[in-house]
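Source file: structure04.cif. Holds: mmCIF, C-alpha atoms.
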```cif
data_run
loop_
_atom_site.label_atom_id
_atom_site.label_comp_id
_atom_site.auth_asym_id
_atom_site.auth_seq_id
_atom_site.Cartn_x
_atom_site.Cartn_y
_atom_site.Cartn_z
CA MET A 1 26.59 14.43 2.80
CA LYS A 2 25.90 16.80 5.67
CA LYS A 3 23.10 15.91 8.08
CA ARG A 4 20.64 18.06 10.02
CA MET A 5 18.15 17.35 12.77
CA MET A 6 14.46 17.35 11.92
CA GLY A 7 13.42 19.81 14.59
CA ASN A 8 12.90 18.14 17.96
CA THR A 9 11.85 14.78 16.49
CA GLY A 10 15.22 13.13 17.11
CA ILE A 11 15.30 12.19 13.40
CA GLU A 12 18.52 13.05 11.56
CA VAL A 13 18.25 13.63 7.82
CA SER A 14 20.55 14.40 4.91
CA GLU A 15 20.30 18.09 4.06
CA ILE A 16 19.73 17.11 0.42
CA GLY A 17 16.77 14.76 0.27
CA PHE A 18 15.24 12.87 -2.64
CA GLY A 19 11.95 14.20 -3.99
CA ALA A 20 10.26 11.16 -5.53
CA TRP A 21 7.41 12.84 -7.43
CA GLN A 22 9.08 11.82 -10.71
CA LEU A 23 9.30 8.09 -10.01
CA GLY A 24 6.76 6.24 -12.15
CA ASN A 25 5.14 9.57 -13.04
CA GLU A 26 5.19 9.60 -16.82
CA SER A 27 2.38 12.17 -17.23
CA ASP A 28 4.26 14.93 -15.37
CA TRP A 29 7.93 13.96 -15.71
CA GLY A 30 8.25 11.72 -18.77
CA LYS A 31 8.99 8.05 -19.09
CA MET A 32 11.48 6.36 -16.79
CA ALA A 33 12.04 2.61 -16.66
CA ASP A 34 11.50 1.00 -13.26
CA GLU A 35 15.13 -0.16 -13.24
CA GLU A 36 16.30 3.41 -13.82
CA ALA A 37 14.14 4.70 -10.97
CA ILE A 38 15.42 2.08 -8.55
CA GLY A 39 18.98 2.77 -9.68
CA LEU A 40 18.56 6.49 -8.93
CA VAL A 41 17.40 5.72 -5.41
CA HIS A 42 20.39 3.43 -4.84
CA GLU A 43 22.75 6.08 -6.24
CA ALA A 44 21.31 8.63 -3.81
CA LEU A 45 21.74 6.20 -0.92
CA ASP A 46 25.35 5.52 -1.88
CA ALA A 47 26.01 9.28 -1.79
CA GLY A 48 24.68 9.60 1.77
CA CYS A 49 21.14 10.78 1.02
CA ASN A 50 18.79 9.20 3.55
CA PHE A 51 15.58 11.27 3.24
CA PHE A 52 12.92 10.26 0.72
CA ASP A 53 9.73 12.24 0.12
CA THR A 54 6.77 10.71 -1.72
CA ALA A 55 2.96 10.66 -1.81
CA PRO A 56 0.18 8.27 -2.85
CA ASN A 57 -0.81 10.38 -5.87
CA TYR A 58 2.72 10.53 -7.31
CA GLY A 59 2.41 8.33 -10.38
CA PHE A 60 -0.90 6.98 -9.01
CA GLY A 61 0.98 5.06 -6.31
CA LYS A 62 3.91 4.01 -8.51
CA SER A 63 6.36 6.34 -6.75
CA GLU A 64 5.75 4.61 -3.42
CA GLU A 65 5.91 1.17 -5.04
CA LEU A 66 9.28 1.90 -6.64
CA LEU A 67 10.67 3.34 -3.41
CA GLY A 68 9.46 0.25 -1.58
CA LYS A 69 11.36 -1.97 -4.01
CA ALA A 70 14.48 0.20 -3.98
CA LEU A 71 14.63 0.42 -0.20
CA LYS A 72 13.94 -3.25 0.51
CA GLY A 73 16.38 -4.44 3.15
CA LYS A 74 17.54 -0.87 3.82
CA ARG A 75 14.64 0.42 5.93
CA ASP A 76 16.84 1.06 8.97
CA GLN A 77 19.11 3.29 6.85
CA VAL A 78 16.45 5.70 5.57
CA VAL A 79 13.83 8.24 6.60
CA ILE A 80 10.58 8.04 4.62
CA SER A 81 8.03 10.85 4.48
CA SER A 82 4.72 10.40 2.70
CA LYS A 83 1.46 12.30 2.57
CA CYS A 84 -2.28 11.81 2.65
CA GLY A 85 -5.30 13.62 1.29
CA HIS A 86 -4.46 13.28 -2.43
CA HIS A 87 -5.15 9.67 -3.30
CA THR A 88 -3.84 7.18 -5.88
CA ASP A 89 -6.84 7.91 -8.14
CA ASP A 90 -5.91 11.62 -7.94
CA VAL A 91 -9.09 12.38 -6.00
CA GLN A 92 -8.67 14.74 -3.03
CA SER A 93 -10.39 13.74 0.19
CA PHE A 94 -9.40 14.56 3.76
CA GLU A 95 -12.14 12.51 5.38
CA PRO A 96 -10.54 10.64 8.32
CA GLU A 97 -11.44 7.18 7.06
CA LYS A 98 -9.99 8.00 3.65
CA LEU A 99 -6.79 9.19 5.34
CA LEU A 100 -6.54 5.92 7.26
CA GLU A 101 -7.13 3.95 4.06
CA SER A 102 -4.47 6.05 2.32
CA VAL A 103 -1.85 5.39 5.00
CA GLU A 104 -2.51 1.65 4.96
CA GLY A 105 -2.01 1.71 1.18
CA SER A 106 1.21 3.70 1.51
CA LEU A 107 2.63 1.27 4.06
CA LYS A 108 1.87 -1.64 1.76
CA ARG A 109 3.36 -0.01 -1.32
CA LEU A 110 6.44 1.13 0.58
CA ASN A 111 6.88 -2.33 2.09
CA THR A 112 7.17 -0.96 5.63
CA ASP A 113 5.16 -1.01 8.83
CA TYR A 114 5.74 2.65 9.70
CA LEU A 115 6.39 6.07 8.17
CA ASP A 116 8.90 8.41 9.74
CA SER A 117 6.77 11.38 8.68
CA LEU A 118 3.18 11.72 7.50
CA LEU A 119 1.92 15.03 6.14
CA LEU A 120 -1.53 16.23 5.23
CA HIS A 121 -1.08 17.11 1.54
CA ASN A 122 -2.12 20.78 1.15
CA PRO A 123 -5.21 20.36 3.33
CA PRO A 124 -8.04 22.90 3.66
CA PHE A 125 -7.14 25.74 6.02
CA SER A 126 -10.00 24.73 8.32
CA ALA A 127 -8.29 21.37 8.97
CA LEU A 128 -5.20 23.03 10.49
CA ASP A 129 -6.33 22.45 14.07
CA GLN A 130 -5.36 19.73 16.53
CA HIS A 131 -9.05 19.15 17.25
CA SER A 132 -9.96 18.68 13.59
CA PRO A 133 -10.86 15.13 12.51
CA GLN A 134 -7.76 15.14 10.30
CA PHE A 135 -5.28 15.89 13.08
CA GLN A 136 -7.09 13.56 15.44
CA MET A 137 -6.46 10.79 12.90
CA LEU A 138 -2.77 11.74 12.66
CA GLU A 139 -2.47 11.56 16.43
CA LYS A 140 -4.20 8.18 16.45
CA LEU A 141 -1.80 6.84 13.82
CA LYS A 142 1.16 8.08 15.84
CA LYS A 143 -0.09 6.36 19.00
CA GLN A 144 -0.51 3.15 16.98
CA GLY A 145 3.15 3.36 15.91
CA LYS A 146 2.33 3.65 12.22
CA ILE A 147 3.96 7.08 12.01
CA ARG A 148 6.77 8.66 14.02
CA ALA A 149 5.85 12.30 13.40
CA TYR A 150 3.22 14.30 11.55
CA GLY A 151 2.34 17.69 10.15
CA ALA A 152 1.29 19.17 6.83
CA SER A 153 2.63 20.17 3.44
CA VAL A 154 1.67 23.82 2.83
CA ASP A 155 2.62 26.87 0.78
CA THR A 156 2.31 30.03 2.87
CA ALA A 157 3.39 31.74 6.08
CA LYS A 158 -0.25 31.98 7.11
CA GLU A 159 -0.61 28.20 6.99
CA ILE A 160 2.65 27.64 8.91
CA ASN A 161 1.55 30.04 11.64
CA GLU A 162 -1.83 28.32 11.88
CA LEU A 163 -0.09 24.96 12.28
CA LEU A 164 2.16 26.40 14.98
CA ASP A 165 -0.72 28.11 16.77
CA LYS A 166 -3.25 25.29 16.67
CA THR A 167 -1.57 21.91 16.13
CA ASP A 168 1.11 19.66 17.58
CA SER A 169 2.85 19.32 14.21
CA GLN A 170 6.45 18.18 14.52
CA ILE A 171 7.23 18.57 10.79
CA ILE A 172 6.09 21.06 8.17
CA GLU A 173 6.82 20.87 4.46
CA VAL A 174 6.73 24.24 2.74
CA MET A 175 7.38 25.74 -0.67
CA PHE A 176 10.46 27.98 -0.57
CA ASN A 177 13.06 28.99 -3.14
CA ALA A 178 14.95 32.03 -4.41
CA PHE A 179 11.84 33.16 -6.33
CA TYR A 180 9.38 32.38 -3.52
CA GLN A 181 10.43 33.55 -0.05
CA GLU A 182 7.14 34.69 1.49
CA PRO A 183 7.11 31.90 4.16
CA LEU A 184 10.54 32.81 5.62
CA PRO A 185 9.41 34.68 8.79
CA ALA A 186 7.10 31.80 9.72
CA MET A 187 9.87 29.30 8.95
CA LYS A 188 12.09 31.08 11.46
CA ARG A 189 9.33 30.83 14.05
CA ALA A 190 8.88 27.10 13.33
CA TYR A 191 12.60 26.50 13.82
CA ASP A 192 12.57 28.39 17.12
CA GLU A 193 9.69 26.17 18.27
CA GLY A 194 11.52 22.95 17.38
CA VAL A 195 9.56 22.05 14.26
CA GLY A 196 11.42 20.36 11.40
CA LEU A 197 11.15 21.96 7.97
CA ILE A 198 11.19 20.21 4.60
CA VAL A 199 11.53 22.55 1.61
CA LYS A 200 9.60 21.58 -1.53
CA VAL A 201 9.70 23.09 -5.06
CA PRO A 202 13.31 24.26 -4.42
CA LEU A 203 14.08 24.86 -8.11
CA ASP A 204 10.84 26.72 -8.88
CA SER A 205 9.52 23.81 -10.97
CA GLY A 206 12.66 23.83 -13.11
CA TRP A 207 13.19 27.57 -13.66
CA LEU A 208 16.12 27.67 -11.24
CA THR A 209 17.95 25.05 -13.28
CA GLY A 210 18.53 27.77 -15.90
CA LYS A 211 17.17 25.60 -18.72
CA TYR A 212 14.06 27.69 -19.47
CA ASP A 213 13.78 31.11 -21.11
CA ALA A 214 11.15 33.43 -22.63
CA ASP A 215 10.76 31.14 -25.66
CA SER A 216 10.22 27.94 -23.68
CA THR A 217 6.98 26.03 -24.15
CA PHE A 218 5.49 23.64 -21.62
CA THR A 219 3.28 20.57 -21.47
CA GLY A 220 1.75 18.64 -18.59
CA ILE A 221 1.57 20.33 -15.21
CA ARG A 222 3.95 23.09 -16.35
CA SER A 223 1.46 24.27 -18.97
CA ARG A 224 -0.25 26.19 -16.14
CA TRP A 225 2.02 29.22 -16.70
CA SER A 226 0.71 32.19 -18.70
CA LYS A 227 2.85 34.04 -21.24
CA GLU A 228 3.27 36.79 -18.65
CA ASP A 229 4.47 34.27 -16.04
CA ILE A 230 7.01 32.85 -18.48
CA GLN A 231 8.27 36.30 -19.47
CA PHE A 232 8.63 37.44 -15.85
CA ARG A 233 10.45 34.29 -14.79
CA SER A 234 12.78 34.43 -17.79
CA VAL A 235 13.87 37.93 -16.74
CA LEU A 236 14.43 36.71 -13.18
CA VAL A 237 16.54 33.79 -14.41
CA GLU A 238 18.75 36.22 -16.36
CA LYS A 239 19.21 38.32 -13.22
CA VAL A 240 20.15 35.24 -11.18
CA ARG A 241 22.71 34.31 -13.83
CA ARG A 242 24.26 37.77 -13.59
CA ILE A 243 24.49 37.40 -9.80
CA ILE A 244 26.09 33.95 -9.78
CA GLY A 245 28.23 34.19 -12.94
CA ASP A 246 28.41 32.04 -16.06
CA ASP A 247 30.66 29.37 -14.55
CA GLN A 248 28.36 28.36 -11.68
CA SER A 249 25.68 25.65 -11.65
CA MET A 250 22.37 27.42 -11.07
CA VAL A 251 20.96 24.24 -9.51
CA LYS A 252 23.79 24.09 -6.99
CA ILE A 253 23.46 27.77 -6.06
CA ALA A 254 19.66 27.58 -5.80
CA LEU A 255 19.88 24.65 -3.39
CA GLN A 256 22.74 26.19 -1.42
CA TYR A 257 20.69 29.35 -1.03
CA ILE A 258 17.93 27.37 0.68
CA LEU A 259 20.45 25.50 2.83
CA SER A 260 22.03 28.80 3.91
CA PHE A 261 19.04 29.12 6.25
CA LYS A 262 19.61 27.06 9.39
CA GLU A 263 15.84 26.75 9.76
CA VAL A 264 15.73 24.23 6.89
CA SER A 265 16.10 20.56 7.85
CA THR A 266 16.21 19.15 4.32
CA VAL A 267 15.44 20.16 0.76
CA ILE A 268 13.83 17.73 -1.72
CA PRO A 269 14.71 18.36 -5.39
CA GLY A 270 13.64 15.78 -7.94
CA ALA A 271 15.90 14.11 -10.49
CA LYS A 272 15.12 12.21 -13.69
CA ASN A 273 18.63 10.89 -14.28
CA SER A 274 22.03 10.46 -12.67
CA GLN A 275 23.36 13.76 -13.97
CA GLN A 276 20.51 15.72 -12.35
CA LEU A 277 20.87 13.74 -9.13
CA GLN A 278 24.59 14.48 -8.91
CA GLN A 279 23.91 18.18 -9.52
CA ASN A 280 21.51 18.14 -6.59
CA LEU A 281 23.87 16.28 -4.29
CA ALA A 282 26.78 18.60 -5.12
CA ALA A 283 25.03 21.42 -3.26
CA SER A 284 26.00 19.79 0.04
CA LYS A 285 29.73 19.93 -0.66
CA ASP A 286 30.33 23.55 0.24
CA LEU A 287 28.59 26.71 1.48
CA LEU A 288 27.12 29.67 -0.34
CA SER A 289 29.04 32.90 0.18
CA GLU A 290 27.40 35.54 2.34
CA ASP A 291 27.57 38.07 -0.53
CA MET A 292 25.74 35.77 -2.93
CA MET A 293 23.21 34.85 -0.28
CA GLN A 294 22.43 38.52 0.33
CA ALA A 295 22.26 39.24 -3.40
CA LEU A 296 19.66 36.51 -3.96
CA ARG A 297 17.69 37.66 -0.93
CA GLY A 298 17.83 41.21 -2.29
CA LEU A 299 16.59 40.06 -5.71
CA TRP A 300 13.42 38.68 -4.13
CA ILE A 301 12.86 41.78 -1.99
CA GLU A 302 13.39 44.22 -4.86
CA GLU A 303 11.89 42.36 -7.83
CA ILE A 304 9.38 39.78 -6.58
CA LYS A 305 8.02 40.56 -3.10
CA GLY A 306 4.36 41.49 -3.25
CA LYS A 307 3.92 40.33 -6.86
CA SER A 308 1.94 37.34 -8.07
CA LEU A 309 4.24 34.56 -9.24
CA PRO A 310 2.19 31.34 -9.44
CA TRP A 311 4.24 28.23 -8.80
#
```
Would you mind giving the structure from this file in structure tokens?
Amino acid sequence: MKKRMMGNTGIEVSEIGFGAWQLGNESDWGKMADEEAIGLVHEALDAGCNFFDTAPNYGFGKSEELLGKALKGKRDQVVISSKCGHHTDDVQSFEPEKLLESVEGSLKRLNTDYLDSLLLHNPPFSALDQHSPQFQMLEKLKKQGKIRAYGASVDTAKEINELLDKTDSQIIEVMFNAFYQEPLPAMKRAYDEGVGLIVKVPLDSGWLTGKYDADSTFTGIRSRWSKEDIQFRSVLVEKVRRIIGDDQSMVKIALQYILSFKEVSTVIPGAKNSQQLQQNLAASKDLLSEDMMQALRGLWIEEIKGKSLPW
């Protein structure tokens, strides 16, 4: 597994991380036994993955609990990033005292006394300021040694630029994939300024696995897509398949596309089973060709840029 530096933090991470939203999260991802979840984490560790991304609201705290069990005795081998603002009861609150309470709960569930990274979880735009109560709390937690670095998980270039302009964020998590490339200019700026970048939603919520088409139906969180969204994405998936060929894993290519940008520190796909995990990890074994990289960049510019494509 190749490693990359997390900006100027001094933290080295595997370029393929482990998105842990699915652990203990039956409502969004389907049932998974605790033993299976712990086994997946151990399998990732054995393959050289050392970066684990979670949050208090993933599975109402169960994701953090399972990670805590899986990583017991291995804390010095891993980098743990969690979030605050979306709480275990699925209520959103960015009040400073609630953030402090959230972090204390995360530390307990994860069975650790510090987080390597703590991110405000899609906070209000007005909070993206070092003088805001939210960032003052992050700074306080860092001085107390409860977190090594902080920042925010966001979706747009505008939010990244605000974080760079007005905060001391060392890490930013951002949505970016072959179908959603709007943040790229701001990502380049973040890299130039020494900020580590975590890429979330790398497979466009499953579309870039190639398993969905125009006739697919969705439940849970994926039921948010309209018929028009599904139709548009199905056409895009067909175009990606024509670019990469029938013999290539779309998951592997989608992740390699993200990793072809040096600005990215790590990418955090989820996995429900060993087969999916191994598909994710395989993306680190070789590089995407320049021709394919340019073709996928061109697809976004020509077919998607400027259009509404809700995640």
Could I get the residues of region 154-247 of chain A with an atom no further than 12 Å from an atom of region 72-82 of chain A, each paired with its nearest atom pair and that distance in Å to one decimal, using all atoms listed in the file, sorted by chain and residue number, as a Markdown table?
```
| residue | atom | partner | partner_atom | distance |
| --- | --- | --- | --- | --- |
| A:Ile171 | CA | A:Ser81 | CA | 10.0 |
| A:Ile172 | CA | A:Ser81 | CA | 11.0 |
| A:Glu173 | CA | A:Ser81 | CA | 10.1 |
| A:Ile198 | CA | A:Ser81 | CA | 9.9 |
```
Take the residues from that selection and write them out as an mmCIF file, keeping the file's coordinate frame, keeping C-alpha atoms.
```
data_model
loop_
_atom_site.group_PDB
_atom_site.id
_atom_site.type_symbol
_atom_site.label_atom_id
_atom_site.label_comp_id
_atom_site.auth_asym_id
_atom_site.auth_seq_id
_atom_site.Cartn_x
_atom_site.Cartn_y
_atom_site.Cartn_z
ATOM 1 C CA ILE A 171 7.230 18.570 10.790
ATOM 2 C CA ILE A 172 6.090 21.060 8.170
ATOM 3 C CA GLU A 173 6.820 20.870 4.460
ATOM 4 C CA ILE A 198 11.190 20.210 4.600
#
```
_Need the shell around Lys239 (chain A): protein/DNA/RNA residues with any atom at most 9 Å away, counting only C-alpha atoms. Skip same-chain ones fewer than 5 positions apart. Format as a list of chain:residue names?_
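After dropping sequence-adjacent residues, the list is A:Ser234, A:Ile244, A:Leu299.
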Residues matched by the PyMOL selection byres ((chain A and resi 47-59) around 7), written as a CSV table (one decimal) with C-alpha atoms, in the frame of the given file:
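Generated file (out.csv):
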```
chain,number,residue,atom,x,y,z
A,1,MET,CA,26.6,14.4,2.8
A,13,VAL,CA,18.2,13.6,7.8
A,14,SER,CA,20.6,14.4,4.9
A,16,ILE,CA,19.7,17.1,0.4
A,17,GLY,CA,16.8,14.8,0.3
A,18,PHE,CA,15.2,12.9,-2.6
A,19,GLY,CA,12.0,14.2,-4.0
A,20,ALA,CA,10.3,11.2,-5.5
A,21,TRP,CA,7.4,12.8,-7.4
A,23,LEU,CA,9.3,8.1,-10.0
A,24,GLY,CA,6.8,6.2,-12.2
A,25,ASN,CA,5.1,9.6,-13.0
A,43,GLU,CA,22.8,6.1,-6.2
A,44,ALA,CA,21.3,8.6,-3.8
A,45,LEU,CA,21.7,6.2,-0.9
A,46,ASP,CA,25.4,5.5,-1.9
A,60,PHE,CA,-0.9,7.0,-9.0
A,61,GLY,CA,1.0,5.1,-6.3
A,62,LYS,CA,3.9,4.0,-8.5
A,63,SER,CA,6.4,6.3,-6.8
A,64,GLU,CA,5.8,4.6,-3.4
A,77,GLN,CA,19.1,3.3,6.8
A,78,VAL,CA,16.4,5.7,5.6
A,79,VAL,CA,13.8,8.2,6.6
A,80,ILE,CA,10.6,8.0,4.6
A,81,SER,CA,8.0,10.8,4.5
A,82,SER,CA,4.7,10.4,2.7
A,83,LYS,CA,1.5,12.3,2.6
A,84,CYS,CA,-2.3,11.8,2.6
A,86,HIS,CA,-4.5,13.3,-2.4
A,87,HIS,CA,-5.2,9.7,-3.3
A,88,THR,CA,-3.8,7.2,-5.9
A,89,ASP,CA,-6.8,7.9,-8.1
A,90,ASP,CA,-5.9,11.6,-7.9
A,106,SER,CA,1.2,3.7,1.5
```
*Rank nothing, just name the residue among A:Lys262, A:Lys252, A:Lys143, A:His121 nearest to Arg189 (chain A), using all atoms listed in the file.*
A:Lys262
_Expected selection from the PyMOL selection byres ((chain A and resi 36) around 12), given as a ChimeraX atom specification_ = /A:22-24,31-35,37-43,66-67,70,271-274
_Residue among A:Val199, A:Gly10, A:Lys166, A:Leu296 lying closest to Val267 (chain A), counting only C-alpha atoms_ =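 Nearest to Val267 (chain A): A:Val199.
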*Starting from the point (-6.7, 14.8, 2.3), work out which residues of protein, DNA or RNA have an atom no more than 10 Å away when counting all atoms listed in the file; state them as number ranges by chain.*
A: 83-87, 91-96, 98-99, 102, 119-124, 127, 134
*Protein and nucleic acid residues near (3.9, 8.1, 17.1) (cut-off 12 Å, only C-alpha atoms) as a PyMOL selection string*: chain A and resi 9+114-118+137-151+168-170
Output C-alpha atoms for every residue in the selection just made, as a PDB file, in the coordinates of the input.
```pdb
ATOM      1  CA  THR A   9      11.850  14.780  16.490  1.00  0.00           C
ATOM      2  CA  TYR A 114       5.740   2.650   9.700  1.00  0.00           C
ATOM      3  CA  LEU A 115       6.390   6.070   8.170  1.00  0.00           C
ATOM      4  CA  ASP A 116       8.900   8.410   9.740  1.00  0.00           C
ATOM      5  CA  SER A 117       6.770  11.380   8.680  1.00  0.00           C
ATOM      6  CA  LEU A 118       3.180  11.720   7.500  1.00  0.00           C
ATOM      7  CA  MET A 137      -6.460  10.790  12.900  1.00  0.00           C
ATOM      8  CA  LEU A 138      -2.770  11.740  12.660  1.00  0.00           C
ATOM      9  CA  GLU A 139      -2.470  11.560  16.430  1.00  0.00           C
ATOM     10  CA  LYS A 140      -4.200   8.180  16.450  1.00  0.00           C
ATOM     11  CA  LEU A 141      -1.800   6.840  13.820  1.00  0.00           C
ATOM     12  CA  LYS A 142       1.160   8.080  15.840  1.00  0.00           C
ATOM     13  CA  LYS A 143      -0.090   6.360  19.000  1.00  0.00           C
ATOM     14  CA  GLN A 144      -0.510   3.150  16.980  1.00  0.00           C
ATOM     15  CA  GLY A 145       3.150   3.360  15.910  1.00  0.00           C
ATOM     16  CA  LYS A 146       2.330   3.650  12.220  1.00  0.00           C
ATOM     17  CA  ILE A 147       3.960   7.080  12.010  1.00  0.00           C
ATOM     18  CA  ARG A 148       6.770   8.660  14.020  1.00  0.00           C
ATOM     19  CA  ALA A 149       5.850  12.300  13.400  1.00  0.00           C
ATOM     20  CA  TYR A 150       3.220  14.300  11.550  1.00  0.00           C
ATOM     21  CA  GLY A 151       2.340  17.690  10.150  1.00  0.00           C
ATOM     22  CA  ASP A 168       1.110  19.660  17.580  1.00  0.00           C
ATOM     23  CA  SER A 169       2.850  19.320  14.210  1.00  0.00           C
ATOM     24  CA  GLN A 170       6.450  18.180  14.520  1.00  0.00           C
TER      25      GLN A 170
END
```
*Taking into account only C-alpha atoms, which residue in the set A:Glu290, A:Asp113, A:Asp247, A:Glu238 is nearest to Tyr212 (chain A)?*
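Among the listed residues, A:Glu238 lies closest to Tyr212 (chain A).
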*Can you list what the PyMOL selection byres ((chain A and resi 178-184) around 10) grabs from this structure, as an MDAnalysis selection string?*
chainID A and resid 154:161 174:177 185:190 201:204 207:208 233 236:237 240 253:255 257:258 261 263 293 296:301 303:306 309:311
Selection export as an mmCIF file, keeping the file's coordinate frame, atoms kept: C-alpha atoms:
```cif
data_model
loop_
_atom_site.group_PDB
_atom_site.id
_atom_site.type_symbol
_atom_site.label_atom_id
_atom_site.label_comp_id
_atom_site.auth_asym_id
_atom_site.auth_seq_id
_atom_site.Cartn_x
_atom_site.Cartn_y
_atom_site.Cartn_z
ATOM 1 C CA VAL A 154 1.670 23.820 2.830
ATOM 2 C CA ASP A 155 2.620 26.870 0.780
ATOM 3 C CA THR A 156 2.310 30.030 2.870
ATOM 4 C CA ALA A 157 3.390 31.740 6.080
ATOM 5 C CA LYS A 158 -0.250 31.980 7.110
ATOM 6 C CA GLU A 159 -0.610 28.200 6.990
ATOM 7 C CA ILE A 160 2.650 27.640 8.910
ATOM 8 C CA ASN A 161 1.550 30.040 11.640
ATOM 9 C CA VAL A 174 6.730 24.240 2.740
ATOM 10 C CA MET A 175 7.380 25.740 -0.670
ATOM 11 C CA PHE A 176 10.460 27.980 -0.570
ATOM 12 C CA ASN A 177 13.060 28.990 -3.140
ATOM 13 C CA PRO A 185 9.410 34.680 8.790
ATOM 14 C CA ALA A 186 7.100 31.800 9.720
ATOM 15 C CA MET A 187 9.870 29.300 8.950
ATOM 16 C CA LYS A 188 12.090 31.080 11.460
ATOM 17 C CA ARG A 189 9.330 30.830 14.050
ATOM 18 C CA ALA A 190 8.880 27.100 13.330
ATOM 19 C CA VAL A 201 9.700 23.090 -5.060
ATOM 20 C CA PRO A 202 13.310 24.260 -4.420
ATOM 21 C CA LEU A 203 14.080 24.860 -8.110
ATOM 22 C CA ASP A 204 10.840 26.720 -8.880
ATOM 23 C CA TRP A 207 13.190 27.570 -13.660
ATOM 24 C CA LEU A 208 16.120 27.670 -11.240
ATOM 25 C CA ARG A 233 10.450 34.290 -14.790
ATOM 26 C CA LEU A 236 14.430 36.710 -13.180
ATOM 27 C CA VAL A 237 16.540 33.790 -14.410
ATOM 28 C CA VAL A 240 20.150 35.240 -11.180
ATOM 29 C CA ILE A 253 23.460 27.770 -6.060
ATOM 30 C CA ALA A 254 19.660 27.580 -5.800
ATOM 31 C CA LEU A 255 19.880 24.650 -3.390
ATOM 32 C CA TYR A 257 20.690 29.350 -1.030
ATOM 33 C CA ILE A 258 17.930 27.370 0.680
ATOM 34 C CA PHE A 261 19.040 29.120 6.250
ATOM 35 C CA GLU A 263 15.840 26.750 9.760
ATOM 36 C CA MET A 293 23.210 34.850 -0.280
ATOM 37 C CA LEU A 296 19.660 36.510 -3.960
ATOM 38 C CA ARG A 297 17.690 37.660 -0.930
ATOM 39 C CA GLY A 298 17.830 41.210 -2.290
ATOM 40 C CA LEU A 299 16.590 40.060 -5.710
ATOM 41 C CA TRP A 300 13.420 38.680 -4.130
ATOM 42 C CA ILE A 301 12.860 41.780 -1.990
ATOM 43 C CA GLU A 303 11.890 42.360 -7.830
ATOM 44 C CA ILE A 304 9.380 39.780 -6.580
ATOM 45 C CA LYS A 305 8.020 40.560 -3.100
ATOM 46 C CA GLY A 306 4.360 41.490 -3.250
ATOM 47 C CA LEU A 309 4.240 34.560 -9.240
ATOM 48 C CA PRO A 310 2.190 31.340 -9.440
ATOM 49 C CA TRP A 311 4.240 28.230 -8.800
#
```
*asked:* Would you pick out the contacts of Gly68 (chain A) at 7 Å or less, using only C-alpha atoms, so that residues sharing its chain but fewer than 6 positions from it are not included, and give the list as a VMD selection string?
replied: chain A and resid 109 to 111
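Restricting the calculation to all atoms listed in the file, the smallest distance between Arg242 (chain A) and any of A:Met292, A:Ala282, A:Ala214, A:Ile268 is found for A:Met292.
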Could you get me a file of region 274-285 of chain A with N, CA and C atoms, as a compact mmCIF listing (two decimals), in the first residue's frame, taken from the block above?
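Contents of decode28.txt, freshly written:
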```txt
# COMPACT_ATOMS: atom_id res chain seq x y z
N SER A 274 -15.49 -8.50 2.07
CA SER A 274 -14.08 -8.64 1.70
C SER A 274 -13.86 -8.38 0.22
N GLN A 275 -14.77 -8.82 -0.62
CA GLN A 275 -14.62 -8.61 -2.06
C GLN A 275 -14.57 -7.12 -2.40
N GLN A 276 -15.48 -6.34 -1.82
CA GLN A 276 -15.49 -4.90 -2.06
C GLN A 276 -14.22 -4.25 -1.51
N LEU A 277 -13.80 -4.68 -0.34
CA LEU A 277 -12.58 -4.13 0.26
C LEU A 277 -11.37 -4.38 -0.64
N GLN A 278 -11.24 -5.60 -1.14
CA GLN A 278 -10.10 -5.92 -1.99
C GLN A 278 -10.14 -5.13 -3.30
N GLN A 279 -11.34 -4.89 -3.83
CA GLN A 279 -11.47 -4.04 -5.01
C GLN A 279 -10.93 -2.64 -4.72
N ASN A 280 -11.29 -2.12 -3.57
CA ASN A 280 -10.81 -0.78 -3.19
C ASN A 280 -9.29 -0.75 -3.07
N LEU A 281 -8.76 -1.73 -2.36
CA LEU A 281 -7.33 -1.75 -2.09
C LEU A 281 -6.50 -1.94 -3.36
N ALA A 282 -7.08 -2.62 -4.35
CA ALA A 282 -6.36 -2.90 -5.59
C ALA A 282 -6.00 -1.63 -6.35
N ALA A 283 -6.71 -0.54 -6.07
CA ALA A 283 -6.44 0.72 -6.78
C ALA A 283 -5.06 1.27 -6.47
N SER A 284 -4.45 0.83 -5.39
CA SER A 284 -3.13 1.34 -5.01
C SER A 284 -2.00 0.58 -5.69
N LYS A 285 -2.32 -0.45 -6.45
CA LYS A 285 -1.27 -1.32 -6.98
C LYS A 285 -0.57 -0.76 -8.22
```
